[in-house]
Amino acid sequence: MTKPRVVIVGAGFAGYHAAKNLSRLARDRAEIVLLNSTDYFLYLPLLPEVAAGVIEPTRISVPLAGTLDGVRVVIGEADRVDLQNRWVGFTQPEGDRGRLAYDRLVLAVGSVNKLLPIPGVTEYAHGFRGLPEALFLHDHIVRQIELAEQAQDPAEQQARATFVVVGAGYTGTEVAAQGQLFTDELVAQRPRLSVRPRWMLLDVAPRVLPELDQRMSVTADRVLRRRGVDVRMGTSVAEATADGVRLTDGEYVPTCSLVWCVGVRPDPFVADLGLRTEKGRLVVDEFLTVPGFPEVYACGDAAAVPDLARPGEVCAMTAQHAQRQGKLVAHNIAASYGQGRRRPYKHHDLGWVVDLGGRDAAANPLKLSLSGLPAKAVTRGYHLLAMPANRARVGADWVLDAALPRPAVQLGLVPANAVPLESSSPEVAMHRP
């Protein structure tokens, strides 16, 4: 008899862990196909450390073919799903088209940059959603410091040494915290540059990390301000231009660097499926199946999963939920073939970790608030445990960064036009731990 085929679309936290666990449960009794636009799973929480030169980019890029035994990996961008005839259409990297028939389908397509109707943002801002953006930002930071050193005009020097980050959530806070340390180190290597780099962190929220515990917010705010980051709460960008940004309070800030970290929205791919959505997310039941299509499952940022721990709400778009939903999808698919019983999704947050660079971090594992070196140890321990591979390499990079100066060169591998804000890669969800 022909093996049933399970097609998983997306290899972020949800899709990757769905494939990994389903392969273990199926034991060659099913064909598992993973369709993704890249050949790696990206461990997104460490992306700010890539931009700051702490970790090499390949460390957080976990190869799919080398870590998912028993899973067939297909590289391509899904662009159509025929729910009646049960197939997924996709486009390969060189333009060829293909189809994958399925018996079970898992939609784990993740999220993309959240855009706001602010003049100039799509033209002059860059997002922070994937590896290309991190590589571009690293090169851009080094380039601006080098150009600031060469500039004769003090005003140009200051503009090139000013970096504006919009969004004081998990990602924006880490980018600003790591960025200030990185640019201070770059300036220390250039004695002719007398101006100190200025990092600004903006958000309309009343505090940094508004979605996390108040004590973590206080810790992060204290570290940022002590480090010299200009934290502006209740403030955002009203207009972006080639030479700077105008803030909502009327101030104009000359800058060549605008980093967009305001959050994410579900991948627009789900809106084209003709299925019911809630705020752009695909509606599913507590078993992660799509109503009316019991063979179709959805999980991660693109799915509006009922939060049984908070009745009446849906699960937040976090890695913690995405990873656990992916594991449950694998279990419930196995149950649909008679292996065990399906289970509803229910998960209580285990706490959060935020790496602020240097010796600073904020964490609240199991609701225990930590800061400083204890939080740093918990944060790095969590990341090492959560990574599917490359743990030794990441640990080695941390040791080397603590002992040696960071190499600060721009390789020019990713030009600005390759990472436009409005079409940033949807390959992964925004992943808080």
# chains A, B, ... in the order shown; residues from 1 in each chain; ligands from 1
$ closest_atom_pairs --of "region 188-248 of chain A" --to "region 143-165 of chain A" --cutoff "6 Å" --atoms "only C-alpha atoms" --output "CSV"
residue,atom,partner,partner_atom,distance
A:Leu193,CA,A:Glu149,CA,5.0
A:Pro197,CA,A:Ala161,CA,4.6
A:Arg198,CA,A:Thr162,CA,4.7
A:Trp199,CA,A:Phe163,CA,4.8
A:Met200,CA,A:Val164,CA,4.8
A:Leu201,CA,A:Val165,CA,4.9
$ residues_around --residues "Val290 (chain A)" --least-positions-apart "3" --cutoff "12 Å" --atoms "only C-alpha atoms" --output "list in words"
Leu83, Arg104, Leu105, Val106, Leu107, Val270, Leu273, Gly274, Leu275, Arg276, Thr277, Arg281, Leu282, Val283, Val284, Asp285, Glu286, Phe287, Phe293, Pro294, Glu295, Val296, Tyr297, Ala298, Cys299, Ala303, Ala304, Val305 and Val329 of chain A
$ select_by_dssp --residues "region 81-313 of chain A" --states "strand (DSSP E or B)" --output "ChimeraX atom specification"
/A:81-82,87-91,97-101,104-107,111-113,126-127,162-166,198-203,230-233,235,237-240,244-247,252-254,257-260,264-266,277-278,281-283,289-290,293-298,303-304,306
$ residues_around --residues "Leu356 (chain A)" --least-positions-apart "4" --cutoff "8 Å" --atoms "only C-alpha atoms" --output "list in words"
Thr173, Glu174, Ala177, Gln178, Ala220, Val223, Asp360, Ala361 and Ala362 of chain A
$ write_last_selection --atoms "N, CA, C and O atoms" --output "PDB file, in the first residue's frame"
ATOM      1  N   THR A 173      14.292  45.907  21.366  1.00  0.00           N
ATOM      2  CA  THR A 173      15.072  46.144  22.585  1.00  0.00           C
ATOM      3  C   THR A 173      16.440  45.485  22.491  1.00  0.00           C
ATOM      4  O   THR A 173      17.472  46.078  22.841  1.00  0.00           O
ATOM      5  N   GLU A 174      16.474  44.247  22.000  1.00  0.00           N
ATOM      6  CA  GLU A 174      17.758  43.554  21.875  1.00  0.00           C
ATOM      7  C   GLU A 174      18.632  44.190  20.804  1.00  0.00           C
ATOM      8  O   GLU A 174      19.854  44.297  20.969  1.00  0.00           O
ATOM      9  N   ALA A 177      20.089  47.364  22.318  1.00  0.00           N
ATOM     10  CA  ALA A 177      21.049  47.047  23.381  1.00  0.00           C
ATOM     11  C   ALA A 177      22.351  46.504  22.800  1.00  0.00           C
ATOM     12  O   ALA A 177      23.449  46.937  23.188  1.00  0.00           O
ATOM     13  N   GLN A 178      22.243  45.561  21.885  1.00  0.00           N
ATOM     14  CA  GLN A 178      23.445  44.995  21.261  1.00  0.00           C
ATOM     15  C   GLN A 178      24.127  46.033  20.371  1.00  0.00           C
ATOM     16  O   GLN A 178      25.363  46.111  20.310  1.00  0.00           O
ATOM     17  N   ALA A 220      15.310  46.089  31.718  1.00  0.00           N
ATOM     18  CA  ALA A 220      15.768  46.440  30.368  1.00  0.00           C
ATOM     19  C   ALA A 220      15.910  47.944  30.200  1.00  0.00           C
ATOM     20  O   ALA A 220      16.900  48.429  29.634  1.00  0.00           O
ATOM     21  N   VAL A 223      19.091  49.172  31.989  1.00  0.00           N
ATOM     22  CA  VAL A 223      20.312  48.809  31.271  1.00  0.00           C
ATOM     23  C   VAL A 223      20.490  49.673  30.035  1.00  0.00           C
ATOM     24  O   VAL A 223      21.585  50.179  29.757  1.00  0.00           O
ATOM     25  N   ASP A 360      24.647  41.712  30.631  1.00  0.00           N
ATOM     26  CA  ASP A 360      23.284  42.089  31.033  1.00  0.00           C
ATOM     27  C   ASP A 360      22.230  41.245  30.338  1.00  0.00           C
ATOM     28  O   ASP A 360      22.358  40.904  29.150  1.00  0.00           O
ATOM     29  N   ALA A 361      21.188  40.936  31.077  1.00  0.00           N
ATOM     30  CA  ALA A 361      20.032  40.208  30.558  1.00  0.00           C
ATOM     31  C   ALA A 361      18.892  40.390  31.548  1.00  0.00           C
ATOM     32  O   ALA A 361      19.089  40.867  32.675  1.00  0.00           O
ATOM     33  N   ALA A 362      17.712  40.027  31.090  1.00  0.00           N
ATOM     34  CA  ALA A 362      16.543  40.013  31.972  1.00  0.00           C
ATOM     35  C   ALA A 362      15.815  38.700  31.720  1.00  0.00           C
ATOM     36  O   ALA A 362      15.676  38.266  30.576  1.00  0.00           O
TER      37      ALA A 362
END
$ residues_around --residues "Leu64 (chain A)" --least-positions-apart "5" --cutoff "10 Å" --atoms "only C-alpha atoms" --output "list in words"
Ala11, Tyr16, Ala19, Lys20, Leu34, Asn36, Thr38, Asp39, Tyr40, Phe41, Leu42, Asp69, Val71, Arg72, Val73 and Val74 of chain A
